[in-house]
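S.K.: Can you read through this structure? Questions will come right after.
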2 protein chains.
Amino acid sequence: MLALDYVNGLIPVVVQEEKTCEVLMVAYADAEAVQLTRDTGYAHFFSRSRKKIWKKGEESGHIQRVLRILVDCDEDCLLYVVQSKGPACHTGYRTCFYRTLDGKIIGDRVFDPAKVYANKDQ
Amino acid sequence: MLALDYVNGLIPVVVQEEKTCEVLMVAYADAEAVQLTRDTGYAHFFSRSRKKIWKKGEESGHIQRVLRILVDCDEDCLLYVVQSKGPACHTGYRTCFYRTLDGKIIGDRVFDPAKVYANKDQ
């Protein structure tokens with residue numbers, strides 16, 4: 001296994017949907033989250049705000065089956081290529097990148113977060 | 001313009017090729033690099049090692065025309081959707097994500113870095 005360059009124990013992870021090729025989100029993983037992702041085949045990350053490992057979709061059900069984990073040239077960033085069960089963004093959009101720099105919304109909201117999350121912290 | 005959440009003055013930027021949808025690279029930008037990208041239409045970043053702004057391709061010629069700049073839900077990550085003139089990775093691969101976690105190379109090397117760069121620092 002390549003030696004990954006964790007900064008303060010974390011490495012950024014880009015998540016891309018395999019079928020649509022959409023970039024869904026960017027989150028951070030620690031070594032344990034990367035290992036859990038390998039071992040289980042489902043995307044795990046480390047929440048910087050909650051300071052703990054989380055499995056994507058553990059509350060919403062919008063889990064991500066990880067088909068490939070790729071490493072960049074500098075070994076300081078990962079790419080999870082996934083099949084996402086449902087949208088990726090906790091705001092209800094399919095991808096977290098649903099706005100332009102000017103704040104214009106270019107994505108479609110596909111679910112109502114209030115109906116999916118008990119709290120909106122995921 | 002959305003208020004971006006820079007950490008130590010920097011925000012991570014995912015770069016995606018518009019036509020192939022490939023995730024090409026992840027780099028960091030400061031506010032000036034984002035502004036330069038907007039103003040010029042070409043991808044600019046901030047080099048953490050060289051501590052200065054750089055225009056992607058300034059040495060290699062592998063510039064990236066930025067079609068869209070998207071912002072994620074937390075406003076702490078950007079996505080540049082680009083038309084890349086040539087491969088993105090300084091190692092000669094089309095994308096920086098050319099290896100699996102085990103170090104297996106899955107990409108094709110499309111140029112010889114020694115012939116493109118005077119130094120391999122870009």
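Identifiers in this document derive from the order of the structure tokens: chains are assigned A, B, ..., residues are numbered from 1 separately in each chain, and ligands are numbered from 1 in order of occurrence.
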Counting only C-alpha atoms, which residues of region 5-97 of chain B sit at most 8 Å from some atom of region 12-25 of chain A, and what is each one's closest atom pair with its distance in Å to one decimal, listed by chain and rising residue number, as CSV?

M.R.:
residue,atom,partner,partner_atom,distance
B:Val14,CA,A:Val14,CA,7.6
B:Cys21,CA,A:Cys21,CA,5.8
B:Glu22,CA,A:Cys21,CA,7.4
B:Val23,CA,A:Val23,CA,7.9
B:Asp72,CA,A:Met25,CA,7.4

S.K.: Return the neighbours of chain B among the residues of chain A, cut-off 9 Å, counting only C-alpha atoms, as a PyMOL selection string.

M.R.: chain A and resi 1-4+12+14+16+20-23+25-26+68-74+77-79+89-91+95-103

S.K.: Both chains have the same sequence, so superpose chain A on chain B over all Cα atoms paired in order and return it as an mmCIF file with N, CA and C atoms, in the first residue's frame.

M.R.:
data_model
loop_
_atom_site.group_PDB
_atom_site.id
_atom_site.type_symbol
_atom_site.label_atom_id
_atom_site.label_comp_id
_atom_site.auth_asym_id
_atom_site.auth_seq_id
_atom_site.Cartn_x
_atom_site.Cartn_y
_atom_site.Cartn_z
ATOM 1 N N MET A 1 -20.989 37.298 -4.616
ATOM 2 C CA MET A 1 -20.096 36.116 -4.547
ATOM 3 C C MET A 1 -20.211 35.470 -3.168
ATOM 4 N N LEU A 2 -20.274 34.136 -3.131
ATOM 5 C CA LEU A 2 -20.351 33.419 -1.861
ATOM 6 C C LEU A 2 -19.091 33.684 -1.032
ATOM 7 N N ALA A 3 -19.256 33.717 0.286
ATOM 8 C CA ALA A 3 -18.094 33.885 1.168
ATOM 9 C C ALA A 3 -17.445 32.521 1.345
ATOM 10 N N LEU A 4 -16.270 32.363 0.805
ATOM 11 C CA LEU A 4 -15.613 31.054 0.861
ATOM 12 C C LEU A 4 -14.883 30.878 2.194
ATOM 13 N N ASP A 5 -14.843 29.630 2.639
ATOM 14 C CA ASP A 5 -14.228 29.305 3.916
ATOM 15 C C ASP A 5 -12.778 28.867 3.679
ATOM 16 N N TYR A 6 -11.890 29.846 3.670
ATOM 17 C CA TYR A 6 -10.464 29.545 3.483
ATOM 18 C C TYR A 6 -9.871 29.077 4.815
ATOM 19 N N VAL A 7 -9.036 28.053 4.763
ATOM 20 C CA VAL A 7 -8.336 27.606 5.971
ATOM 21 C C VAL A 7 -6.862 27.961 5.789
ATOM 22 N N ASN A 8 -6.348 28.765 6.693
ATOM 23 C CA ASN A 8 -4.993 29.316 6.539
ATOM 24 C C ASN A 8 -4.845 29.981 5.169
ATOM 25 N N GLY A 9 -5.913 30.611 4.740
ATOM 26 C CA GLY A 9 -5.863 31.354 3.476
ATOM 27 C C GLY A 9 -6.075 30.519 2.229
ATOM 28 N N LEU A 10 -6.298 29.217 2.408
ATOM 29 C CA LEU A 10 -6.384 28.334 1.240
ATOM 30 C C LEU A 10 -7.683 27.536 1.204
ATOM 31 N N ILE A 11 -8.084 27.207 -0.013
ATOM 32 C CA ILE A 11 -9.260 26.360 -0.206
ATOM 33 C C ILE A 11 -8.878 25.267 -1.216
ATOM 34 N N PRO A 12 -9.267 24.010 -0.965
ATOM 35 C CA PRO A 12 -8.945 22.970 -1.933
ATOM 36 C C PRO A 12 -9.804 23.105 -3.196
ATOM 37 N N VAL A 13 -9.210 22.772 -4.314
ATOM 38 C CA VAL A 13 -9.891 22.871 -5.609
ATOM 39 C C VAL A 13 -9.777 21.532 -6.334
ATOM 40 N N VAL A 14 -10.908 20.952 -6.669
ATOM 41 C CA VAL A 14 -10.935 19.762 -7.507
ATOM 42 C C VAL A 14 -11.020 20.239 -8.955
ATOM 43 N N VAL A 15 -10.225 19.641 -9.814
ATOM 44 C CA VAL A 15 -10.261 20.017 -11.230
ATOM 45 C C VAL A 15 -10.794 18.839 -12.034
ATOM 46 N N GLN A 16 -11.847 19.098 -12.790
ATOM 47 C CA GLN A 16 -12.480 18.048 -13.588
ATOM 48 C C GLN A 16 -12.508 18.459 -15.054
ATOM 49 N N GLU A 17 -12.122 17.533 -15.918
ATOM 50 C CA GLU A 17 -12.163 17.781 -17.360
ATOM 51 C C GLU A 17 -13.612 17.720 -17.834
ATOM 52 N N GLU A 18 -14.017 18.740 -18.543
ATOM 53 C CA GLU A 18 -15.422 18.835 -18.955
ATOM 54 C C GLU A 18 -15.837 17.685 -19.891
ATOM 55 N N LYS A 19 -14.980 17.404 -20.877
ATOM 56 C CA LYS A 19 -15.389 16.456 -21.916
ATOM 57 C C LYS A 19 -15.381 15.011 -21.408
ATOM 58 N N THR A 20 -14.293 14.626 -20.757
ATOM 59 C CA THR A 20 -14.167 13.231 -20.322
ATOM 60 C C THR A 20 -14.738 13.021 -18.928
ATOM 61 N N CYS A 21 -14.978 14.121 -18.194
ATOM 62 C CA CYS A 21 -15.447 14.073 -16.801
ATOM 63 C C CYS A 21 -14.398 13.545 -15.833
ATOM 64 N N GLU A 22 -13.201 13.283 -16.320
ATOM 65 C CA GLU A 22 -12.144 12.792 -15.435
ATOM 66 C C GLU A 22 -11.794 13.810 -14.350
ATOM 67 N N VAL A 23 -11.588 13.321 -13.136
ATOM 68 C CA VAL A 23 -11.018 14.166 -12.093
ATOM 69 C C VAL A 23 -9.518 14.218 -12.361
ATOM 70 N N LEU A 24 -9.020 15.400 -12.661
ATOM 71 C CA LEU A 24 -7.635 15.532 -13.104
ATOM 72 C C LEU A 24 -6.660 15.728 -11.951
ATOM 73 N N MET A 25 -7.049 16.528 -10.983
ATOM 74 C CA MET A 25 -6.114 16.886 -9.919
ATOM 75 C C MET A 25 -6.867 17.595 -8.801
ATOM 76 N N VAL A 26 -6.183 17.716 -7.680
ATOM 77 C CA VAL A 26 -6.654 18.573 -6.587
ATOM 78 C C VAL A 26 -5.487 19.473 -6.216
ATOM 79 N N ALA A 27 -5.755 20.770 -6.123
ATOM 80 C CA ALA A 27 -4.719 21.708 -5.706
ATOM 81 C C ALA A 27 -5.380 22.719 -4.772
ATOM 82 N N TYR A 28 -4.626 23.715 -4.356
ATOM 83 C CA TYR A 28 -5.166 24.706 -3.411
ATOM 84 C C TYR A 28 -5.116 26.099 -4.038
ATOM 85 N N ALA A 29 -6.084 26.902 -3.667
ATOM 86 C CA ALA A 29 -6.108 28.285 -4.154
ATOM 87 C C ALA A 29 -6.279 29.230 -2.977
ATOM 88 N N ASP A 30 -5.666 30.393 -3.086
ATOM 89 C CA ASP A 30 -5.996 31.468 -2.147
ATOM 90 C C ASP A 30 -6.985 32.400 -2.855
ATOM 91 N N ALA A 31 -7.416 33.433 -2.169
ATOM 92 C CA ALA A 31 -8.445 34.310 -2.747
ATOM 93 C C ALA A 31 -7.961 34.950 -4.043
ATOM 94 N N GLU A 32 -6.678 35.273 -4.075
ATOM 95 C CA GLU A 32 -6.131 35.916 -5.280
ATOM 96 C C GLU A 32 -6.138 34.950 -6.467
ATOM 97 N N ALA A 33 -5.803 33.690 -6.197
ATOM 98 C CA ALA A 33 -5.798 32.688 -7.278
ATOM 99 C C ALA A 33 -7.207 32.460 -7.813
ATOM 100 N N VAL A 34 -8.188 32.468 -6.908
ATOM 101 C CA VAL A 34 -9.586 32.315 -7.351
ATOM 102 C C VAL A 34 -9.978 33.512 -8.224
ATOM 103 N N GLN A 35 -9.594 34.697 -7.778
ATOM 104 C CA GLN A 35 -9.933 35.899 -8.541
ATOM 105 C C GLN A 35 -9.247 35.883 -9.912
ATOM 106 N N LEU A 36 -7.989 35.485 -9.929
ATOM 107 C CA LEU A 36 -7.251 35.413 -11.202
ATOM 108 C C LEU A 36 -7.901 34.402 -12.143
ATOM 109 N N THR A 37 -8.381 33.306 -11.569
ATOM 110 C CA THR A 37 -9.052 32.281 -12.376
ATOM 111 C C THR A 37 -10.325 32.854 -12.985
ATOM 112 N N ARG A 38 -11.082 33.585 -12.162
ATOM 113 C CA ARG A 38 -12.303 34.240 -12.672
ATOM 114 C C ARG A 38 -11.966 35.251 -13.769
ATOM 115 N N ASP A 39 -10.978 36.073 -13.481
ATOM 116 C CA ASP A 39 -10.685 37.201 -14.363
ATOM 117 C C ASP A 39 -10.095 36.754 -15.698
ATOM 118 N N THR A 40 -9.242 35.721 -15.641
ATOM 119 C CA THR A 40 -8.537 35.317 -16.865
ATOM 120 C C THR A 40 -9.219 34.154 -17.568
ATOM 121 N N GLY A 41 -10.014 33.373 -16.809
ATOM 122 C CA GLY A 41 -10.623 32.177 -17.398
ATOM 123 C C GLY A 41 -9.668 30.994 -17.446
ATOM 124 N N TYR A 42 -8.510 31.123 -16.814
ATOM 125 C CA TYR A 42 -7.551 30.011 -16.758
ATOM 126 C C TYR A 42 -7.247 29.651 -15.297
ATOM 127 N N ALA A 43 -7.036 28.356 -15.074
ATOM 128 C CA ALA A 43 -6.862 27.858 -13.710
ATOM 129 C C ALA A 43 -5.590 28.398 -13.066
ATOM 130 N N HIS A 44 -5.777 29.016 -11.917
ATOM 131 C CA HIS A 44 -4.668 29.468 -11.078
ATOM 132 C C HIS A 44 -4.812 28.822 -9.703
ATOM 133 N N PHE A 45 -3.669 28.597 -9.077
ATOM 134 C CA PHE A 45 -3.642 27.974 -7.761
ATOM 135 C C PHE A 45 -2.599 28.679 -6.900
ATOM 136 N N PHE A 46 -2.478 28.202 -5.653
ATOM 137 C CA PHE A 46 -1.416 28.692 -4.791
ATOM 138 C C PHE A 46 -0.560 27.489 -4.413
ATOM 139 N N SER A 47 0.716 27.570 -4.711
ATOM 140 C CA SER A 47 1.615 26.463 -4.389
ATOM 141 C C SER A 47 2.024 26.553 -2.925
ATOM 142 N N ARG A 48 1.689 25.500 -2.178
ATOM 143 C CA ARG A 48 2.042 25.478 -0.762
ATOM 144 C C ARG A 48 3.550 25.306 -0.577
ATOM 145 N N SER A 49 4.194 24.571 -1.501
ATOM 146 C CA SER A 49 5.639 24.358 -1.351
ATOM 147 C C SER A 49 6.432 25.588 -1.801
ATOM 148 N N ARG A 50 5.983 26.196 -2.885
ATOM 149 C CA ARG A 50 6.725 27.364 -3.388
ATOM 150 C C ARG A 50 6.185 28.680 -2.839
ATOM 151 N N LYS A 51 5.071 28.568 -2.125
ATOM 152 C CA LYS A 51 4.443 29.735 -1.491
ATOM 153 C C LYS A 51 4.194 30.880 -2.465
ATOM 154 N N LYS A 52 3.628 30.515 -3.601
ATOM 155 C CA LYS A 52 3.259 31.572 -4.548
ATOM 156 C C LYS A 52 2.161 31.095 -5.487
ATOM 157 N N ILE A 53 1.500 32.057 -6.083
ATOM 158 C CA ILE A 53 0.471 31.787 -7.078
ATOM 159 C C ILE A 53 1.100 31.128 -8.300
ATOM 160 N N TRP A 54 0.422 30.178 -8.868
ATOM 161 C CA TRP A 54 0.877 29.661 -10.164
ATOM 162 C C TRP A 54 -0.303 29.462 -11.096
ATOM 163 N N LYS A 55 -0.005 29.686 -12.354
ATOM 164 C CA LYS A 55 -0.993 29.400 -13.390
ATOM 165 C C LYS A 55 -0.705 27.995 -13.892
ATOM 166 N N LYS A 56 -1.685 27.143 -13.845
ATOM 167 C CA LYS A 56 -1.487 25.768 -14.330
ATOM 168 C C LYS A 56 -1.029 25.823 -15.782
ATOM 169 N N GLY A 57 0.074 25.129 -16.049
ATOM 170 C CA GLY A 57 0.585 25.067 -17.418
ATOM 171 C C GLY A 57 1.545 26.175 -17.782
ATOM 172 N N GLU A 58 1.898 27.015 -16.813
ATOM 173 C CA GLU A 58 2.770 28.156 -17.160
ATOM 174 C C GLU A 58 4.122 27.669 -17.678
ATOM 175 N N GLU A 59 4.539 26.495 -17.228
ATOM 176 C CA GLU A 59 5.804 25.955 -17.749
ATOM 177 C C GLU A 59 5.565 24.885 -18.816
ATOM 178 N N SER A 60 4.636 23.996 -18.546
ATOM 179 C CA SER A 60 4.407 22.854 -19.449
ATOM 180 C C SER A 60 3.580 23.216 -20.675
ATOM 181 N N GLY A 61 2.828 24.305 -20.572
ATOM 182 C CA GLY A 61 1.882 24.623 -21.652
ATOM 183 C C GLY A 61 0.548 23.926 -21.484
ATOM 184 N N HIS A 62 0.437 23.074 -20.473
ATOM 185 C CA HIS A 62 -0.799 22.318 -20.242
ATOM 186 C C HIS A 62 -1.786 23.152 -19.421
ATOM 187 N N ILE A 63 -2.219 24.235 -20.039
ATOM 188 C CA ILE A 63 -3.131 25.163 -19.377
ATOM 189 C C ILE A 63 -4.543 24.584 -19.296
ATOM 190 N N GLN A 64 -5.312 25.156 -18.403
ATOM 191 C CA GLN A 64 -6.696 24.686 -18.203
ATOM 192 C C GLN A 64 -7.649 25.863 -18.329
ATOM 193 N N ARG A 65 -8.454 25.829 -19.357
ATOM 194 C CA ARG A 65 -9.495 26.849 -19.548
ATOM 195 C C ARG A 65 -10.656 26.502 -18.615
ATOM 196 N N VAL A 66 -11.018 27.411 -17.749
ATOM 197 C CA VAL A 66 -12.034 27.117 -16.735
ATOM 198 C C VAL A 66 -13.415 27.545 -17.238
ATOM 199 N N LEU A 67 -14.282 26.565 -17.402
ATOM 200 C CA LEU A 67 -15.625 26.837 -17.915
ATOM 201 C C LEU A 67 -16.580 27.216 -16.793
ATOM 202 N N ARG A 68 -16.411 26.578 -15.644
ATOM 203 C CA ARG A 68 -17.288 26.820 -14.501
ATOM 204 C C ARG A 68 -16.492 26.682 -13.214
ATOM 205 N N ILE A 69 -16.813 27.537 -12.260
ATOM 206 C CA ILE A 69 -16.285 27.360 -10.901
ATOM 207 C C ILE A 69 -17.486 27.084 -10.008
ATOM 208 N N LEU A 70 -17.496 25.912 -9.405
ATOM 209 C CA LEU A 70 -18.606 25.545 -8.523
ATOM 210 C C LEU A 70 -18.122 25.491 -7.073
ATOM 211 N N VAL A 71 -19.074 25.698 -6.169
ATOM 212 C CA VAL A 71 -18.773 25.779 -4.733
ATOM 213 C C VAL A 71 -19.565 24.698 -4.026
ATOM 214 N N ASP A 72 -18.955 24.058 -3.046
ATOM 215 C CA ASP A 72 -19.710 22.997 -2.356
ATOM 216 C C ASP A 72 -20.596 23.570 -1.249
ATOM 217 N N CYS A 73 -21.410 22.705 -0.677
ATOM 218 C CA CYS A 73 -22.427 23.126 0.298
ATOM 219 C C CYS A 73 -21.840 23.864 1.489
ATOM 220 N N ASP A 74 -20.660 23.449 1.920
ATOM 221 C CA ASP A 74 -20.040 24.069 3.095
ATOM 222 C C ASP A 74 -19.177 25.277 2.732
ATOM 223 N N GLU A 75 -19.090 25.548 1.462
ATOM 224 C CA GLU A 75 -18.289 26.674 0.955
ATOM 225 C C GLU A 75 -16.820 26.562 1.335
ATOM 226 N N ASP A 76 -16.361 25.310 1.494
ATOM 227 C CA ASP A 76 -14.952 25.107 1.828
ATOM 228 C C ASP A 76 -14.213 24.273 0.794
ATOM 229 N N CYS A 77 -14.785 24.187 -0.401
ATOM 230 C CA CYS A 77 -14.129 23.453 -1.486
ATOM 231 C C CYS A 77 -14.680 23.959 -2.814
ATOM 232 N N LEU A 78 -13.812 24.009 -3.822
ATOM 233 C CA LEU A 78 -14.221 24.458 -5.155
ATOM 234 C C LEU A 78 -14.047 23.343 -6.169
ATOM 235 N N LEU A 79 -14.788 23.472 -7.255
ATOM 236 C CA LEU A 79 -14.642 22.574 -8.399
ATOM 237 C C LEU A 79 -14.452 23.433 -9.637
ATOM 238 N N TYR A 80 -13.285 23.280 -10.269
ATOM 239 C CA TYR A 80 -13.078 23.931 -11.556
ATOM 240 C C TYR A 80 -13.426 22.906 -12.635
ATOM 241 N N VAL A 81 -14.370 23.221 -13.480
ATOM 242 C CA VAL A 81 -14.653 22.369 -14.647
ATOM 243 C C VAL A 81 -13.899 22.989 -15.813
ATOM 244 N N VAL A 82 -13.000 22.205 -16.405
ATOM 245 C CA VAL A 82 -12.031 22.791 -17.344
ATOM 246 C C VAL A 82 -11.986 22.062 -18.680
ATOM 247 N N GLN A 83 -11.433 22.774 -19.640
ATOM 248 C CA GLN A 83 -10.937 22.132 -20.852
ATOM 249 C C GLN A 83 -9.421 22.195 -20.743
ATOM 250 N N SER A 84 -8.812 21.024 -20.614
ATOM 251 C CA SER A 84 -7.379 20.967 -20.362
ATOM 252 C C SER A 84 -6.619 20.818 -21.671
ATOM 253 N N LYS A 85 -5.624 21.686 -21.838
ATOM 254 C CA LYS A 85 -4.774 21.568 -23.024
ATOM 255 C C LYS A 85 -3.612 20.663 -22.648
ATOM 256 N N GLY A 86 -3.771 19.389 -22.904
ATOM 257 C CA GLY A 86 -2.734 18.440 -22.504
ATOM 258 C C GLY A 86 -3.068 17.827 -21.167
ATOM 259 N N PRO A 87 -2.242 16.878 -20.749
ATOM 260 C CA PRO A 87 -2.483 16.161 -19.496
ATOM 261 C C PRO A 87 -2.273 17.068 -18.286
ATOM 262 N N ALA A 88 -2.839 16.654 -17.160
ATOM 263 C CA ALA A 88 -2.804 17.501 -15.970
ATOM 264 C C ALA A 88 -1.611 17.216 -15.071
ATOM 265 N N CYS A 89 -1.135 15.985 -15.083
ATOM 266 C CA CYS A 89 -0.168 15.604 -14.045
ATOM 267 C C CYS A 89 1.274 15.838 -14.489
ATOM 268 N N HIS A 90 2.072 16.377 -13.573
ATOM 269 C CA HIS A 90 3.468 16.663 -13.894
ATOM 270 C C HIS A 90 4.289 15.393 -14.107
ATOM 271 N N THR A 91 3.722 14.245 -13.736
ATOM 272 C CA THR A 91 4.443 12.982 -13.931
ATOM 273 C C THR A 91 4.254 12.431 -15.343
ATOM 274 N N GLY A 92 3.373 13.074 -16.108
ATOM 275 C CA GLY A 92 3.165 12.632 -17.492
ATOM 276 C C GLY A 92 1.850 11.916 -17.713
ATOM 277 N N TYR A 93 1.088 11.726 -16.647
ATOM 278 C CA TYR A 93 -0.219 11.075 -16.784
ATOM 279 C C TYR A 93 -1.307 12.133 -17.014
ATOM 280 N N ARG A 94 -2.396 11.679 -17.622
ATOM 281 C CA ARG A 94 -3.478 12.613 -17.951
ATOM 282 C C ARG A 94 -4.116 13.168 -16.684
ATOM 283 N N THR A 95 -4.256 12.298 -15.705
ATOM 284 C CA THR A 95 -4.802 12.711 -14.415
ATOM 285 C C THR A 95 -3.793 12.353 -13.321
ATOM 286 N N CYS A 96 -3.820 13.127 -12.243
ATOM 287 C CA CYS A 96 -2.946 12.814 -11.102
ATOM 288 C C CYS A 96 -3.367 11.521 -10.416
ATOM 289 N N PHE A 97 -4.605 11.108 -10.619
ATOM 290 C CA PHE A 97 -5.122 9.899 -9.953
ATOM 291 C C PHE A 97 -4.916 8.688 -10.860
ATOM 292 N N TYR A 98 -3.663 8.313 -11.024
ATOM 293 C CA TYR A 98 -3.332 7.239 -11.972
ATOM 294 C C TYR A 98 -2.965 5.934 -11.281
ATOM 295 N N ARG A 99 -3.085 5.899 -9.949
ATOM 296 C CA ARG A 99 -2.707 4.700 -9.196
ATOM 297 C C ARG A 99 -3.769 4.287 -8.190
ATOM 298 N N THR A 100 -3.811 2.996 -7.934
ATOM 299 C CA THR A 100 -4.657 2.503 -6.859
ATOM 300 C C THR A 100 -3.912 2.641 -5.530
ATOM 301 N N LEU A 101 -4.622 2.369 -4.467
ATOM 302 C CA LEU A 101 -4.041 2.428 -3.122
ATOM 303 C C LEU A 101 -2.843 1.478 -2.986
ATOM 304 N N ASP A 102 -2.848 0.429 -3.762
ATOM 305 C CA ASP A 102 -1.743 -0.531 -3.719
ATOM 306 C C ASP A 102 -0.577 -0.133 -4.620
ATOM 307 N N GLY A 103 -0.705 1.000 -5.283
ATOM 308 C CA GLY A 103 0.384 1.467 -6.125
ATOM 309 C C GLY A 103 0.324 0.957 -7.555
ATOM 310 N N LYS A 104 -0.724 0.240 -7.877
ATOM 311 C CA LYS A 104 -0.862 -0.264 -9.252
ATOM 312 C C LYS A 104 -1.224 0.890 -10.186
ATOM 313 N N ILE A 105 -0.491 1.016 -11.260
ATOM 314 C CA ILE A 105 -0.739 2.105 -12.211
ATOM 315 C C ILE A 105 -1.860 1.713 -13.157
ATOM 316 N N ILE A 106 -2.886 2.542 -13.205
ATOM 317 C CA ILE A 106 -4.017 2.230 -14.083
ATOM 318 C C ILE A 106 -4.143 3.243 -15.224
ATOM 319 N N GLY A 107 -3.328 4.296 -15.186
ATOM 320 C CA GLY A 107 -3.382 5.301 -16.252
ATOM 321 C C GLY A 107 -2.292 5.074 -17.286
ATOM 322 N N ASP A 108 -2.363 5.822 -18.367
ATOM 323 C CA ASP A 108 -1.311 5.762 -19.391
ATOM 324 C C ASP A 108 -0.491 7.041 -19.326
ATOM 325 N N ARG A 109 0.818 6.850 -19.394
ATOM 326 C CA ARG A 109 1.680 8.025 -19.423
ATOM 327 C C ARG A 109 1.625 8.601 -20.838
ATOM 328 N N VAL A 110 1.292 9.872 -20.938
ATOM 329 C CA VAL A 110 1.104 10.445 -22.273
ATOM 330 C C VAL A 110 2.206 11.420 -22.667
ATOM 331 N N PHE A 111 3.091 11.768 -21.720
ATOM 332 C CA PHE A 111 4.274 12.550 -22.112
ATOM 333 C C PHE A 111 5.421 12.262 -21.165
ATOM 334 N N ASP A 112 6.612 12.630 -21.603
ATOM 335 C CA ASP A 112 7.808 12.426 -20.796
ATOM 336 C C ASP A 112 8.125 13.733 -20.065
ATOM 337 N N PRO A 113 7.993 13.739 -18.744
ATOM 338 C CA PRO A 113 8.192 14.985 -18.000
ATOM 339 C C PRO A 113 9.560 15.624 -18.265
ATOM 340 N N ALA A 114 10.575 14.802 -18.464
ATOM 341 C CA ALA A 114 11.928 15.342 -18.667
ATOM 342 C C ALA A 114 11.993 16.223 -19.912
ATOM 343 N N LYS A 115 11.105 15.939 -20.852
ATOM 344 C CA LYS A 115 11.115 16.730 -22.085
ATOM 345 C C LYS A 115 10.233 17.977 -21.994
ATOM 346 N N VAL A 116 9.440 18.054 -20.948
ATOM 347 C CA VAL A 116 8.464 19.145 -20.853
ATOM 348 C C VAL A 116 8.868 20.185 -19.803
ATOM 349 N N TYR A 117 9.465 19.692 -18.722
ATOM 350 C CA TYR A 117 9.793 20.607 -17.630
ATOM 351 C C TYR A 117 11.296 20.812 -17.521
ATOM 352 N N ALA A 118 11.680 22.060 -17.292
ATOM 353 C CA ALA A 118 13.075 22.340 -16.963
ATOM 354 C C ALA A 118 13.351 21.814 -15.558
ATOM 355 N N ASN A 119 12.382 22.007 -14.666
ATOM 356 C CA ASN A 119 12.451 21.356 -13.368
ATOM 357 C C ASN A 119 11.101 20.697 -13.150
ATOM 358 N N LYS A 120 11.054 19.732 -12.261
ATOM 359 C CA LYS A 120 9.816 18.962 -12.109
ATOM 360 C C LYS A 120 8.956 19.502 -10.963
ATOM 361 N N ASP A 121 9.114 20.787 -10.713
ATOM 362 C CA ASP A 121 8.471 21.367 -9.543
ATOM 363 C C ASP A 121 7.057 21.861 -9.815
ATOM 364 N N GLN A 122 6.595 21.691 -11.030
ATOM 365 C CA GLN A 122 5.261 22.226 -11.333
ATOM 366 C C GLN A 122 4.210 21.136 -11.360
#

S.K.: Using backbone DSSP assignments, extract all alpha helix (DSSP H) residues from chain A; output them as a ChimeraX atom specification.

M.R.: /A:31-40,113-116

S.K.: Output N, CA and C atoms for every residue in the selection just made, as a compact mmCIF listing (two decimals), in the first residue's frame.

M.R.:
# COMPACT_ATOMS: atom_id res chain seq x y z
N ALA A 31 -6.54 7.48 8.65
CA ALA A 31 -6.08 6.16 8.21
C ALA A 31 -7.12 5.08 8.51
N GLU A 32 -7.79 5.24 9.64
CA GLU A 32 -8.80 4.23 10.01
C GLU A 32 -9.99 4.26 9.05
N ALA A 33 -10.40 5.47 8.66
CA ALA A 33 -11.53 5.59 7.72
C ALA A 33 -11.17 4.99 6.36
N VAL A 34 -9.92 5.20 5.94
CA VAL A 34 -9.48 4.60 4.67
C VAL A 34 -9.51 3.07 4.78
N GLN A 35 -9.02 2.57 5.90
CA GLN A 35 -9.00 1.12 6.09
C GLN A 35 -10.42 0.56 6.13
N LEU A 36 -11.30 1.25 6.83
CA LEU A 36 -12.70 0.80 6.91
C LEU A 36 -13.35 0.80 5.53
N THR A 37 -12.99 1.80 4.73
CA THR A 37 -13.53 1.88 3.37
C THR A 37 -13.05 0.69 2.55
N ARG A 38 -11.76 0.37 2.69
CA ARG A 38 -11.21 -0.81 1.99
C ARG A 38 -11.89 -2.09 2.46
N ASP A 39 -11.99 -2.22 3.77
CA ASP A 39 -12.46 -3.48 4.35
C ASP A 39 -13.94 -3.73 4.08
N THR A 40 -14.73 -2.65 4.13
CA THR A 40 -16.18 -2.83 4.01
C THR A 40 -16.68 -2.59 2.60
N PRO A 113 -34.27 17.53 3.14
CA PRO A 113 -33.43 17.10 4.26
C PRO A 113 -34.22 16.91 5.56
N ALA A 114 -35.23 17.73 5.77
CA ALA A 114 -36.00 17.65 7.02
C ALA A 114 -36.67 16.29 7.16
N LYS A 115 -36.94 15.67 6.02
CA LYS A 115 -37.61 14.36 6.08
C LYS A 115 -36.62 13.20 6.18
N VAL A 116 -35.35 13.49 5.98
CA VAL A 116 -34.36 12.42 5.92
C VAL A 116 -33.48 12.38 7.18
